[in-house]
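A.B. asks: Starting off with a structure, shown below.
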Amino acid sequence: MTQNELNQIVRDQLALDLGCEPALLDAPENVVTEWKDRPGRRLYGKDTPFLEIAIWRGKLTAACRAELLPWAREYLLERPAQWLFQAPCCRAIDAALSPFGYEIGSARKFYLPDLTVPAARPLGEVRWYEEEALEQFRDVPYWGDALCFNPLFPDRIAAAALDEAGAPMAMAGASQDGARLWQIGINVLPEHRGKGLAVNLTALLKDELLRRKLVPFYGTAESHLASQTVALRAGFRPGFAYLYAKPKGT
């Protein structure tokens, strides 16, 4: 997979999520459009989206319901995309959403693979699990970031580092969020942290997904510096940011 191919897969998925044509994400300026449902969008909830914003290649593309369009065009079209998730902007977005019963659900940065990074080598014994084999970890609380067991974005594959007894001590899992855009999560048991397992498993899983012509991506909170460090050391780099609104109280 080339960098251009990877970028096109991500752009096309973001367009599906926003309910717009992919060409809008290539526009040189910010874009605000009315959201339309398009098959293939990523599903993180059952509600019809009210406001979704993608930061891609230095500008923002926003899609919203018709009733929010006047505000969105006035506020977002001239807004510098790189500062959109700062507290004053988030407060203004929440204030605009509130009369309609919505609030910001998430505003996060996501990482994409750096294709110039060499493939990783396992630090020790690694076991791979796919599909039905993942069921053995359902309801096991300490793998909740690696495996979500959410039917909206089903878990597909995981890689676990094994201890001397053959039990997992760390696990990276990937969920199928979009057709070819799969998200990686990682957990390491407390007694095994600091050994490089998070970086190694995340990198191994990233490489495996790329071999399958899929695009792995990695998301984390702005304040989670340790998780951001894992992403960078595992061969990811900042790729895009995304904000979505949700009904209040949900």
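Each chain in the structure tokens gets a letter, A, B, ..., in the order shown, and its residues are numbered from 1; ligands are numbered from 1 in order too.
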Can you list, as JSON, numbers by chain, every protein, DNA or RNA residue that comes within 12 Å of Arg193 (chain A) when you count only C-alpha atoms, leaving out same-chain residues fewer than 3 positions away?

C.D. replies: {"A": [161, 169, 170, 171, 186, 187, 188, 189, 190, 196, 197, 198, 199, 226]}

A.B. asks: Just write the chosen residues, N, CA and C atoms, as a PDB file, in the first residue's frame.

C.D. replies:
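This went into part.pdb:
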ATOM      1  N   ALA A 161       0.907 -10.887  24.028  1.00  0.00           N
ATOM      2  CA  ALA A 161       2.216 -11.312  24.505  1.00  0.00           C
ATOM      3  C   ALA A 161       1.993 -12.264  25.679  1.00  0.00           C
ATOM      4  N   MET A 169      -0.190 -11.402  28.923  1.00  0.00           N
ATOM      5  CA  MET A 169       0.174 -10.335  29.858  1.00  0.00           C
ATOM      6  C   MET A 169      -0.023  -8.954  29.226  1.00  0.00           C
ATOM      7  N   ALA A 170      -0.276  -8.930  27.915  1.00  0.00           N
ATOM      8  CA  ALA A 170      -0.611  -7.698  27.195  1.00  0.00           C
ATOM      9  C   ALA A 170      -1.336  -8.104  25.925  1.00  0.00           C
ATOM     10  N   MET A 171      -2.233  -7.218  25.455  1.00  0.00           N
ATOM     11  CA  MET A 171      -2.999  -7.554  24.257  1.00  0.00           C
ATOM     12  C   MET A 171      -3.322  -6.294  23.466  1.00  0.00           C
ATOM     13  N   ILE A 186      -5.075  -1.123  23.070  1.00  0.00           N
ATOM     14  CA  ILE A 186      -4.022  -1.887  23.745  1.00  0.00           C
ATOM     15  C   ILE A 186      -4.248  -1.900  25.252  1.00  0.00           C
ATOM     16  N   ASN A 187      -3.991  -3.043  25.870  1.00  0.00           N
ATOM     17  CA  ASN A 187      -3.969  -3.170  27.324  1.00  0.00           C
ATOM     18  C   ASN A 187      -2.737  -3.956  27.739  1.00  0.00           C
ATOM     19  N   VAL A 188      -2.132  -3.543  28.848  1.00  0.00           N
ATOM     20  CA  VAL A 188      -1.016  -4.275  29.459  1.00  0.00           C
ATOM     21  C   VAL A 188      -1.339  -4.455  30.933  1.00  0.00           C
ATOM     22  N   LEU A 189      -1.232  -5.675  31.436  1.00  0.00           N
ATOM     23  CA  LEU A 189      -1.481  -5.900  32.858  1.00  0.00           C
ATOM     24  C   LEU A 189      -0.494  -5.080  33.689  1.00  0.00           C
ATOM     25  N   PRO A 190      -0.938  -4.511  34.807  1.00  0.00           N
ATOM     26  CA  PRO A 190      -0.089  -3.596  35.585  1.00  0.00           C
ATOM     27  C   PRO A 190       1.287  -4.152  35.920  1.00  0.00           C
ATOM     28  N   GLY A 196       7.920  -2.481  27.285  1.00  0.00           N
ATOM     29  CA  GLY A 196       7.832  -2.238  25.847  1.00  0.00           C
ATOM     30  C   GLY A 196       6.769  -3.057  25.139  1.00  0.00           C
ATOM     31  N   LEU A 197       5.914  -3.747  25.902  1.00  0.00           N
ATOM     32  CA  LEU A 197       4.931  -4.636  25.281  1.00  0.00           C
ATOM     33  C   LEU A 197       3.852  -3.871  24.527  1.00  0.00           C
ATOM     34  N   ALA A 198       3.419  -2.737  25.049  1.00  0.00           N
ATOM     35  CA  ALA A 198       2.374  -1.961  24.374  1.00  0.00           C
ATOM     36  C   ALA A 198       2.851  -1.511  22.997  1.00  0.00           C
ATOM     37  N   VAL A 199       4.059  -0.974  22.939  1.00  0.00           N
ATOM     38  CA  VAL A 199       4.608  -0.520  21.662  1.00  0.00           C
ATOM     39  C   VAL A 199       4.767  -1.690  20.707  1.00  0.00           C
ATOM     40  N   ALA A 226       1.038   8.998  27.758  1.00  0.00           N
ATOM     41  CA  ALA A 226       1.653   7.674  27.628  1.00  0.00           C
ATOM     42  C   ALA A 226       1.113   6.944  26.402  1.00  0.00           C
TER      43      ALA A 226
END

A.B. asks: Please, which residues in region 129-235 of chain A fall within 8 Å of region 10-34 of chain A when counting only C-alpha atoms, and what is the closest atom pair and distance in Å to one decimal for each, ordered by chain then residue number, as CSV?

C.D. replies:
residue,atom,partner,partner_atom,distance
A:Gly178,CA,A:Gln13,CA,7.0
A:Leu181,CA,A:Val10,CA,7.0
A:Val215,CA,A:Val10,CA,7.8

A.B. asks: Pull N, CA and C atoms from the residues just selected and write them as a short mmCIF file (atom, residue, chain, number, x, y, z; two decimals), in the first residue's frame.

C.D. replies:
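The resulting file, out-v8.cif, is reproduced below:
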data_model
loop_
_atom_site.label_atom_id
_atom_site.label_comp_id
_atom_site.auth_asym_id
_atom_site.auth_seq_id
_atom_site.Cartn_x
_atom_site.Cartn_y
_atom_site.Cartn_z
N GLY A 178 -14.63 0.75 10.09
CA GLY A 178 -15.08 0.99 8.73
C GLY A 178 -14.69 -0.19 7.87
N LEU A 181 -10.94 0.71 7.48
CA LEU A 181 -10.33 1.54 8.52
C LEU A 181 -10.61 0.89 9.87
N VAL A 215 -6.29 -0.32 6.74
CA VAL A 215 -5.64 0.85 7.33
C VAL A 215 -5.90 0.86 8.83
#

A.B. asks: Determine, counting only C-alpha atoms, which protein, DNA and RNA residues have an atom within 9 Å of an atom of Arg233 (chain A); residues of the same chain fewer than 5 positions away are not included. Present the result as a PDB file with N, CA and C atoms, in the first residue's frame.

C.D. replies:
ATOM      1  N   VAL A 199       4.059  -0.974  22.939  1.00  0.00           N
ATOM      2  CA  VAL A 199       4.608  -0.520  21.662  1.00  0.00           C
ATOM      3  C   VAL A 199       4.767  -1.690  20.707  1.00  0.00           C
ATOM      4  N   ASN A 200       5.327  -2.798  21.197  1.00  0.00           N
ATOM      5  CA  ASN A 200       5.607  -3.928  20.320  1.00  0.00           C
ATOM      6  C   ASN A 200       4.338  -4.547  19.752  1.00  0.00           C
ATOM      7  N   ALA A 203       2.604  -2.237  17.243  1.00  0.00           N
ATOM      8  CA  ALA A 203       3.325  -2.224  15.970  1.00  0.00           C
ATOM      9  C   ALA A 203       3.092  -3.517  15.193  1.00  0.00           C
ATOM     10  N   GLN A 228      -0.179   8.359  23.696  1.00  0.00           N
ATOM     11  CA  GLN A 228       0.335   9.033  22.510  1.00  0.00           C
ATOM     12  C   GLN A 228       1.766   8.598  22.209  1.00  0.00           C
TER      13      GLN A 228
END

A.B. asks: Which parts of region 46-83 of chain A does DSSP call strand (DSSP E or B) when run on the backbone here, written out as a PyMOL selection string?

C.D. replies: chain A and resi 51-56+59-64

A.B. asks: Go ahead and save the picked residues with C-alpha atoms, as a compact mmCIF listing (two decimals), in the first residue's frame.

C.D. replies:
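The result, written out as selection.txt:
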# COMPACT_ATOMS: atom_id res chain seq x y z
CA LEU A 51 -22.90 17.54 13.99
CA GLU A 52 -19.70 15.85 12.80
CA ILE A 53 -16.41 17.62 12.11
CA ALA A 54 -13.26 16.13 10.57
CA ILE A 55 -9.89 17.88 10.65
CA TRP A 56 -8.06 16.55 7.62
CA LYS A 59 -8.71 22.24 7.31
CA LEU A 60 -12.10 21.25 8.66
CA THR A 61 -15.10 19.70 6.99
CA ALA A 62 -18.29 19.93 9.03
CA ALA A 63 -21.61 18.22 8.38
CA CYS A 64 -24.71 18.96 10.43

A.B. asks: Which one is closest to Ser106 (chain A): A:Tyr75, A:Tyr244, A:Trp35, A:Phe50? Count only C-alpha atoms.

C.D. replies: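 Among the listed residues, the smallest separation from Ser106 (chain A) belongs to A:Tyr244.
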
A.B. asks: For Ala158 (chain A), list every protein, DNA or RNA residue within 9 Å, evaluated using only C-alpha atoms, and leave out those in the same chain fewer than 5 positions away; present the list as a PDB file with C-alpha atoms, in the first residue's frame.

C.D. replies:
ATOM      1  CA  ARG A 127      -0.330 -15.513  20.121  1.00  0.00           C
ATOM      2  CA  TRP A 128      -2.855 -14.357  17.547  1.00  0.00           C
ATOM      3  CA  TYR A 129      -6.627 -14.602  17.958  1.00  0.00           C
ATOM      4  CA  GLU A 130      -9.325 -13.957  15.372  1.00  0.00           C
ATOM      5  CA  LEU A 134     -11.814 -13.649  20.788  1.00  0.00           C
ATOM      6  CA  ALA A 146      -8.066  -3.969  23.273  1.00  0.00           C
ATOM      7  CA  LEU A 147     -11.475  -5.641  22.840  1.00  0.00           C
ATOM      8  CA  MET A 171      -2.999  -7.554  24.257  1.00  0.00           C
ATOM      9  CA  ALA A 172      -3.569  -5.340  21.229  1.00  0.00           C
ATOM     10  CA  GLY A 173      -6.863  -5.714  19.403  1.00  0.00           C
ATOM     11  CA  ALA A 174      -8.400  -4.250  16.264  1.00  0.00           C
ATOM     12  CA  LEU A 205      -0.861  -5.554  14.803  1.00  0.00           C
TER      13      LEU A 205
END
